[in-house]
>>> print(open('final.txt').read())   # compact mmCIF, C-alpha atoms and all ligand atoms
# COMPACT_ATOMS: atom_id res chain seq x y z
CA MET A 256 -4.27 28.92 42.09
CA PHE A 257 -4.55 32.26 40.33
CA ASP A 258 -8.18 33.34 40.05
CA PRO A 259 -8.80 35.95 37.31
CA ALA A 260 -12.11 36.90 38.96
CA LYS A 261 -10.16 38.24 41.92
CA ILE A 262 -7.76 40.35 39.87
CA GLU A 263 -9.10 43.72 41.12
CA GLU A 264 -8.86 42.61 44.72
CA ILE A 265 -5.35 41.22 44.17
CA LEU A 266 -4.11 44.34 42.39
CA SER A 267 -5.40 46.68 45.05
CA ALA A 268 -3.59 44.66 47.71
CA LEU A 269 -0.23 44.72 45.92
CA PRO A 270 2.38 46.91 47.57
CA ASP A 271 3.89 49.67 45.45
CA ALA A 272 7.23 47.84 45.39
CA VAL A 273 5.69 45.21 43.13
CA ARG A 274 4.23 47.56 40.56
CA PRO A 275 7.43 47.60 38.39
CA LEU A 276 6.79 43.87 37.93
CA SER A 277 4.68 44.62 34.90
CA SER A 278 6.99 47.19 33.38
CA GLY A 279 10.25 45.51 32.49
CA LEU A 280 11.71 42.48 30.82
CA ASP A 281 15.07 41.71 32.41
CA HIS A 282 16.11 38.74 30.31
CA LEU A 283 15.10 35.60 28.47
CA GLY A 284 16.73 32.36 29.56
CA VAL A 285 17.56 29.86 26.81
CA ALA A 286 18.60 26.28 27.57
CA VAL A 287 21.44 25.11 25.31
CA LYS A 288 23.24 21.79 25.07
CA ASP A 289 26.59 23.30 24.11
CA LEU A 290 27.31 26.88 25.08
CA ASP A 291 30.55 27.16 23.11
CA ALA A 292 28.78 25.98 19.97
CA THR A 293 25.73 28.24 20.43
CA LEU A 294 27.40 31.43 21.60
CA PRO A 295 28.89 32.41 18.18
CA LEU A 296 25.38 32.43 16.67
CA TYR A 297 24.22 35.15 19.05
CA HIS A 298 27.53 36.91 19.57
CA GLN A 299 29.40 36.88 16.25
CA MET A 300 26.57 36.34 13.77
CA LEU A 301 23.75 38.35 15.33
CA GLY A 302 26.21 40.81 16.86
CA LEU A 303 24.83 40.82 20.40
CA GLU A 304 27.36 42.10 22.89
CA LEU A 305 28.67 39.45 25.29
CA LEU A 306 28.46 40.96 28.78
CA TYR A 307 29.88 38.13 30.88
CA GLU A 308 30.15 34.41 31.39
CA GLU A 309 29.72 32.77 34.75
CA THR A 310 29.16 29.38 36.34
CA VAL A 311 26.32 29.33 38.88
CA GLU A 312 27.20 26.36 41.10
CA SER A 313 23.85 26.31 42.95
CA ASP A 314 21.93 25.83 39.68
CA LYS A 315 24.64 23.70 38.01
CA VAL A 316 24.74 25.86 34.90
CA ARG A 317 27.29 27.76 32.87
CA VAL A 318 25.77 31.07 31.81
CA ALA A 319 26.63 33.53 29.06
CA VAL A 320 24.76 36.83 29.17
CA LEU A 321 24.33 38.91 26.01
CA GLU A 322 22.76 42.29 25.52
CA PHE A 323 19.94 43.05 23.13
CA GLY A 324 17.94 46.25 22.94
CA GLY A 325 15.85 46.42 26.07
CA GLY A 326 17.08 43.32 27.82
CA HIS A 327 19.50 40.45 28.13
CA LEU A 328 19.68 36.97 26.72
CA GLU A 329 20.88 34.30 29.15
CA LEU A 330 22.27 31.15 27.54
CA LEU A 331 22.25 28.28 30.02
CA GLU A 332 24.33 25.15 29.62
CA PRO A 333 23.96 22.44 32.28
CA THR A 334 27.23 21.48 34.01
CA SER A 335 25.84 18.23 35.38
CA GLU A 336 23.21 15.63 34.49
CA ASP A 337 21.15 16.45 37.58
CA SER A 338 21.03 20.16 36.75
CA PRO A 339 17.43 21.44 36.41
CA VAL A 340 18.39 22.73 32.95
CA ALA A 341 19.66 19.26 31.95
CA LYS A 342 16.31 17.81 32.99
CA PHE A 343 14.49 20.51 31.03
CA ILE A 344 16.50 19.72 27.86
CA GLU A 345 15.91 16.00 28.32
CA LYS A 346 12.13 16.52 28.59
CA ARG A 347 11.50 19.36 26.15
CA GLY A 348 14.67 19.88 24.17
CA ALA A 349 16.85 22.98 24.01
CA GLY A 350 15.05 26.29 23.70
CA LEU A 351 13.31 29.01 25.66
CA HIS A 352 13.59 28.08 29.33
CA HIS A 353 12.32 31.08 31.29
CA VAL A 354 11.15 34.68 31.11
CA ALA A 355 12.57 37.05 33.71
CA LEU A 356 10.77 40.19 34.76
CA ARG A 357 12.70 42.91 36.55
CA VAL A 358 11.50 43.87 40.02
CA SER A 359 12.85 46.44 42.43
CA ASP A 360 12.51 44.19 45.48
CA CYS A 361 12.53 40.45 44.84
CA ALA A 362 11.56 39.40 48.37
CA THR A 363 8.49 41.64 48.40
CA ALA A 364 7.54 40.61 44.85
CA LEU A 365 7.75 36.88 45.66
CA LYS A 366 5.67 37.35 48.78
CA ALA A 367 3.02 39.31 46.88
CA VAL A 368 2.66 36.88 43.98
CA GLY A 369 2.64 33.96 46.44
CA GLU A 370 -0.18 35.60 48.38
CA ALA A 371 -1.99 36.26 45.09
CA GLY A 372 -2.12 32.50 44.52
CA PHE A 373 0.81 31.82 42.21
CA GLN A 374 2.80 28.68 42.98
CA LEU A 375 6.31 29.67 44.06
CA ILE A 376 9.39 27.55 43.42
CA ASP A 377 11.45 29.90 45.60
CA GLN A 378 9.77 31.25 48.72
CA VAL A 379 12.64 33.68 49.29
CA PRO A 380 15.16 35.20 46.85
CA ARG A 381 18.44 33.49 46.12
CA ASN A 382 21.60 34.47 44.29
CA GLY A 383 21.53 34.35 40.49
CA ALA A 384 24.13 35.19 37.84
CA GLY A 385 25.48 38.74 37.81
CA GLY A 386 24.85 39.35 41.52
CA LYS A 387 21.10 39.35 41.00
CA GLN A 388 18.49 38.34 43.55
CA ILE A 389 16.11 35.92 41.85
CA GLY A 390 13.10 33.73 42.54
CA PHE A 391 11.08 31.43 40.28
CA VAL A 392 7.32 31.03 39.88
CA HIS A 393 6.08 27.61 38.74
CA PRO A 394 4.85 27.35 35.11
CA LYS A 395 1.71 25.55 36.34
CA SER A 396 0.42 28.85 37.68
CA THR A 397 1.63 31.17 34.90
CA GLY A 398 0.12 29.65 31.78
CA GLY A 399 3.07 27.39 31.10
CA VAL A 400 5.97 29.82 31.39
CA LEU A 401 8.69 29.43 34.00
CA LEU A 402 8.72 32.97 35.36
CA GLU A 403 11.71 34.49 37.11
CA LEU A 404 11.43 37.59 39.27
CA CYS A 405 14.76 39.30 39.07
CA GLN A 406 16.22 42.13 41.14
CA PRO A 407 19.35 43.57 39.50
CA GLY A 408 22.54 43.47 41.54
CA SER A 409 23.65 46.80 42.94
ZN ZN B 1 17.35 33.94 34.42
>>> encode(input="final.txt", output="structure tokens")
Amino acid sequence: MFDPAKIEEILSALPDAVRPLSSGLDHLGVAVKDLDATLPLYHQMLGLELLYEETVESDKVRVAVLEFGGGHLELLEPTSEDSPVAKFIEKRGAGLHHVALRVSDCATALKAVGEAGFQLIDQVPRNGAGGKQIGFVHPKSTGGVLLELCQPGS
């Protein structure tokens, strides 16, 4: 478990590749029940540009990614009842699902935060929407927020 008393020791041990971890929001993930019904709110009414839509089979979600100043908004609709997002909606309702920080090297970042005592959901990066390399950190170790470490696709 993360120990705030050890923060200096942890920080000094972090490789330089992880330092951008604290500098950039990549996107916010929002769980929605009905993507087609929710999308017009963000796209037409709020005027956020729709970048792309994609189905991520491994996570059983349909994703729409919109641009806002400084980051992206990821709307996630489960495509199956056993999707992790479906379970999230069942337990907590639709709403903010995860916060994604941009990292330059997802594998190195996951390793570093794992060694620092955070509980990893993904030990190694996997493929996310938009050709990104992603890995999740469990909310139990982050103050209740499902945290995604996200390396943009090249
Ligand atoms: Zn995400």
>>> atom_distance(input="final.txt", atom1="atom CA of A:Leu280", atom2="atom CA of A:Arg357")
5.8 Å
>>> residues_near_ligand(input="final.txt", ligand="ligand ZN 1 (chain B)", cutoff="9 Å", atoms="only C-alpha atoms and all ligand atoms", output="number ranges by chain")
A: 281-285, 328-331, 352-355, 383-384, 389, 391, 402-405
>>> residues_around(input="final.txt", residues="A:Pro339", least_positions_apart="2", cutoff="12 Å", atoms="all atoms listed in the file", output="list in words")
Ala286, Glu312, Ser313, Asp314, Lys315, Val316, Leu331, Glu332, Pro333, Thr334, Ser335, Glu336, Asp337, Ala341, Lys342, Phe343, Ile344, Glu345, Lys346 and His352 of chain A
>>> residues_around(input="final.txt", residues="A:Asp377", least_positions_apart="6", cutoff="8 Å", atoms="only C-alpha atoms", output="list in words")
Leu365, Gly390, Phe391 and Val392 of chain A
>>> closest_residue(input="final.txt", among="A:Leu294, A:Val318, A:Val358, A:Val379", to="A:Gly279", atoms="all atoms listed in the file")
A:Val358
>>> atom_distance(input="final.txt", atom1="atom CA of A:Val340", atom2="atom CA of A:Pro394")
14.5 Å
>>> atom_distance(input="final.txt", atom1="atom CA of A:Leu321", atom2="atom CA of A:Lys395")
28.2 Å
>>> residues_around(input="final.txt", residues="A:Glu308", least_positions_apart="5", cutoff="8 Å", atoms="all atoms listed in the file", output="PyMOL selection string")
chain A and resi 317-320
>>> decode(input="final.txt", residues="stretch 308-324 of chain A", atoms="all heavy atoms", output="short mmCIF file (atom, residue, chain, number, x, y, z; two decimals), in the first residue's frame")
data_model
loop_
_atom_site.label_atom_id
_atom_site.label_comp_id
_atom_site.auth_asym_id
_atom_site.auth_seq_id
_atom_site.Cartn_x
_atom_site.Cartn_y
_atom_site.Cartn_z
N GLU A 308 -15.00 7.05 -33.09
CA GLU A 308 -15.75 6.05 -32.33
C GLU A 308 -15.11 4.70 -32.62
O GLU A 308 -14.62 4.47 -33.73
CB GLU A 308 -17.22 6.02 -32.76
CG GLU A 308 -18.01 7.24 -32.34
CD GLU A 308 -19.50 7.12 -32.69
OE1 GLU A 308 -20.13 6.14 -32.23
OE2 GLU A 308 -20.00 7.98 -33.42
N GLU A 309 -15.13 3.84 -31.61
CA GLU A 309 -14.44 2.57 -31.77
C GLU A 309 -15.03 1.57 -30.79
O GLU A 309 -15.48 1.95 -29.72
CB GLU A 309 -12.95 2.81 -31.45
CG GLU A 309 -12.04 1.62 -31.64
CD GLU A 309 -10.58 1.95 -31.28
OE1 GLU A 309 -10.19 3.15 -31.30
OE2 GLU A 309 -9.84 1.02 -30.95
N THR A 310 -15.04 0.29 -31.17
CA THR A 310 -15.41 -0.75 -30.22
C THR A 310 -14.14 -1.45 -29.77
O THR A 310 -13.35 -1.88 -30.62
CB THR A 310 -16.38 -1.76 -30.85
OG1 THR A 310 -17.60 -1.07 -31.19
CG2 THR A 310 -16.73 -2.88 -29.87
N VAL A 311 -13.92 -1.50 -28.45
CA VAL A 311 -12.75 -2.20 -27.92
C VAL A 311 -13.24 -3.55 -27.41
O VAL A 311 -13.85 -3.64 -26.34
CB VAL A 311 -12.07 -1.39 -26.79
CG1 VAL A 311 -10.84 -2.12 -26.25
CG2 VAL A 311 -11.68 0.01 -27.29
N GLU A 312 -12.99 -4.60 -28.23
CA GLU A 312 -13.53 -5.93 -27.92
C GLU A 312 -13.01 -6.47 -26.59
O GLU A 312 -13.77 -7.06 -25.81
CB GLU A 312 -13.15 -6.92 -29.03
CG GLU A 312 -13.62 -6.53 -30.44
CD GLU A 312 -15.13 -6.64 -30.63
OE1 GLU A 312 -15.80 -7.16 -29.71
OE2 GLU A 312 -15.63 -6.18 -31.67
N SER A 313 -11.75 -6.22 -26.28
CA SER A 313 -11.15 -6.79 -25.06
C SER A 313 -11.80 -6.23 -23.80
O SER A 313 -11.86 -6.91 -22.78
CB SER A 313 -9.64 -6.53 -25.05
OG SER A 313 -9.38 -5.14 -25.16
N ASP A 314 -12.30 -5.00 -23.85
CA ASP A 314 -12.95 -4.40 -22.69
C ASP A 314 -14.47 -4.41 -22.80
O ASP A 314 -15.17 -3.93 -21.91
CB ASP A 314 -12.49 -2.94 -22.51
CG ASP A 314 -11.12 -2.86 -21.89
OD1 ASP A 314 -10.77 -3.78 -21.12
OD2 ASP A 314 -10.41 -1.89 -22.15
N LYS A 315 -14.99 -4.93 -23.94
CA LYS A 315 -16.43 -5.00 -24.19
C LYS A 315 -17.10 -3.63 -24.01
O LYS A 315 -18.07 -3.49 -23.26
CB LYS A 315 -17.08 -6.06 -23.29
CG LYS A 315 -16.54 -7.45 -23.59
CD LYS A 315 -17.09 -8.49 -22.65
CE LYS A 315 -16.47 -9.85 -22.97
NZ LYS A 315 -16.75 -10.84 -21.96
N VAL A 316 -16.53 -2.65 -24.68
CA VAL A 316 -17.11 -1.31 -24.66
C VAL A 316 -17.10 -0.69 -26.06
O VAL A 316 -16.24 -0.97 -26.88
CB VAL A 316 -16.35 -0.32 -23.72
CG1 VAL A 316 -16.66 -0.59 -22.26
CG2 VAL A 316 -14.86 -0.33 -23.98
N ARG A 317 -18.09 0.17 -26.28
CA ARG A 317 -18.12 1.03 -27.45
C ARG A 317 -17.69 2.40 -26.93
O ARG A 317 -18.19 2.88 -25.91
CB ARG A 317 -19.53 1.09 -28.02
CG ARG A 317 -19.61 1.59 -29.45
CD ARG A 317 -20.88 1.03 -30.09
NE ARG A 317 -22.08 1.67 -29.57
CZ ARG A 317 -22.64 2.76 -30.11
NH1 ARG A 317 -22.11 3.35 -31.17
NH2 ARG A 317 -23.74 3.28 -29.59
N VAL A 318 -16.74 3.01 -27.61
CA VAL A 318 -16.11 4.23 -27.13
C VAL A 318 -16.30 5.36 -28.13
O VAL A 318 -16.15 5.16 -29.33
CB VAL A 318 -14.58 4.00 -26.94
CG1 VAL A 318 -13.92 5.24 -26.37
CG2 VAL A 318 -14.31 2.80 -26.05
N ALA A 319 -16.66 6.53 -27.63
CA ALA A 319 -16.62 7.74 -28.46
C ALA A 319 -15.66 8.70 -27.78
O ALA A 319 -15.74 8.92 -26.56
CB ALA A 319 -18.00 8.37 -28.58
N VAL A 320 -14.72 9.24 -28.53
CA VAL A 320 -13.71 10.13 -27.96
C VAL A 320 -13.92 11.54 -28.50
O VAL A 320 -13.98 11.77 -29.71
CB VAL A 320 -12.29 9.63 -28.29
CG1 VAL A 320 -11.25 10.59 -27.74
CG2 VAL A 320 -12.07 8.24 -27.69
N LEU A 321 -14.08 12.49 -27.56
CA LEU A 321 -14.30 13.89 -27.91
C LEU A 321 -13.15 14.73 -27.38
O LEU A 321 -12.50 14.36 -26.40
CB LEU A 321 -15.61 14.39 -27.30
CG LEU A 321 -16.86 13.63 -27.73
CD1 LEU A 321 -17.47 12.90 -26.56
CD2 LEU A 321 -17.88 14.57 -28.36
N GLU A 322 -12.94 15.85 -28.03
CA GLU A 322 -11.84 16.73 -27.64
C GLU A 322 -12.35 17.90 -26.82
O GLU A 322 -13.33 18.56 -27.20
CB GLU A 322 -11.19 17.25 -28.93
CG GLU A 322 -10.22 18.40 -28.72
CD GLU A 322 -8.80 17.98 -28.99
OE1 GLU A 322 -8.57 17.48 -30.11
OE2 GLU A 322 -7.96 18.15 -28.11
N PHE A 323 -11.71 18.15 -25.68
CA PHE A 323 -11.93 19.43 -25.01
C PHE A 323 -10.57 20.06 -24.80
O PHE A 323 -9.56 19.39 -24.96
CB PHE A 323 -12.72 19.26 -23.70
CG PHE A 323 -12.02 18.48 -22.63
CD1 PHE A 323 -11.14 19.10 -21.74
CD2 PHE A 323 -12.25 17.12 -22.48
CE1 PHE A 323 -10.50 18.38 -20.76
CE2 PHE A 323 -11.61 16.39 -21.48
CZ PHE A 323 -10.73 17.02 -20.62
N GLY A 324 -10.53 21.33 -24.47
CA GLY A 324 -9.24 22.00 -24.32
C GLY A 324 -8.37 21.27 -23.33
O GLY A 324 -8.73 21.15 -22.17
#
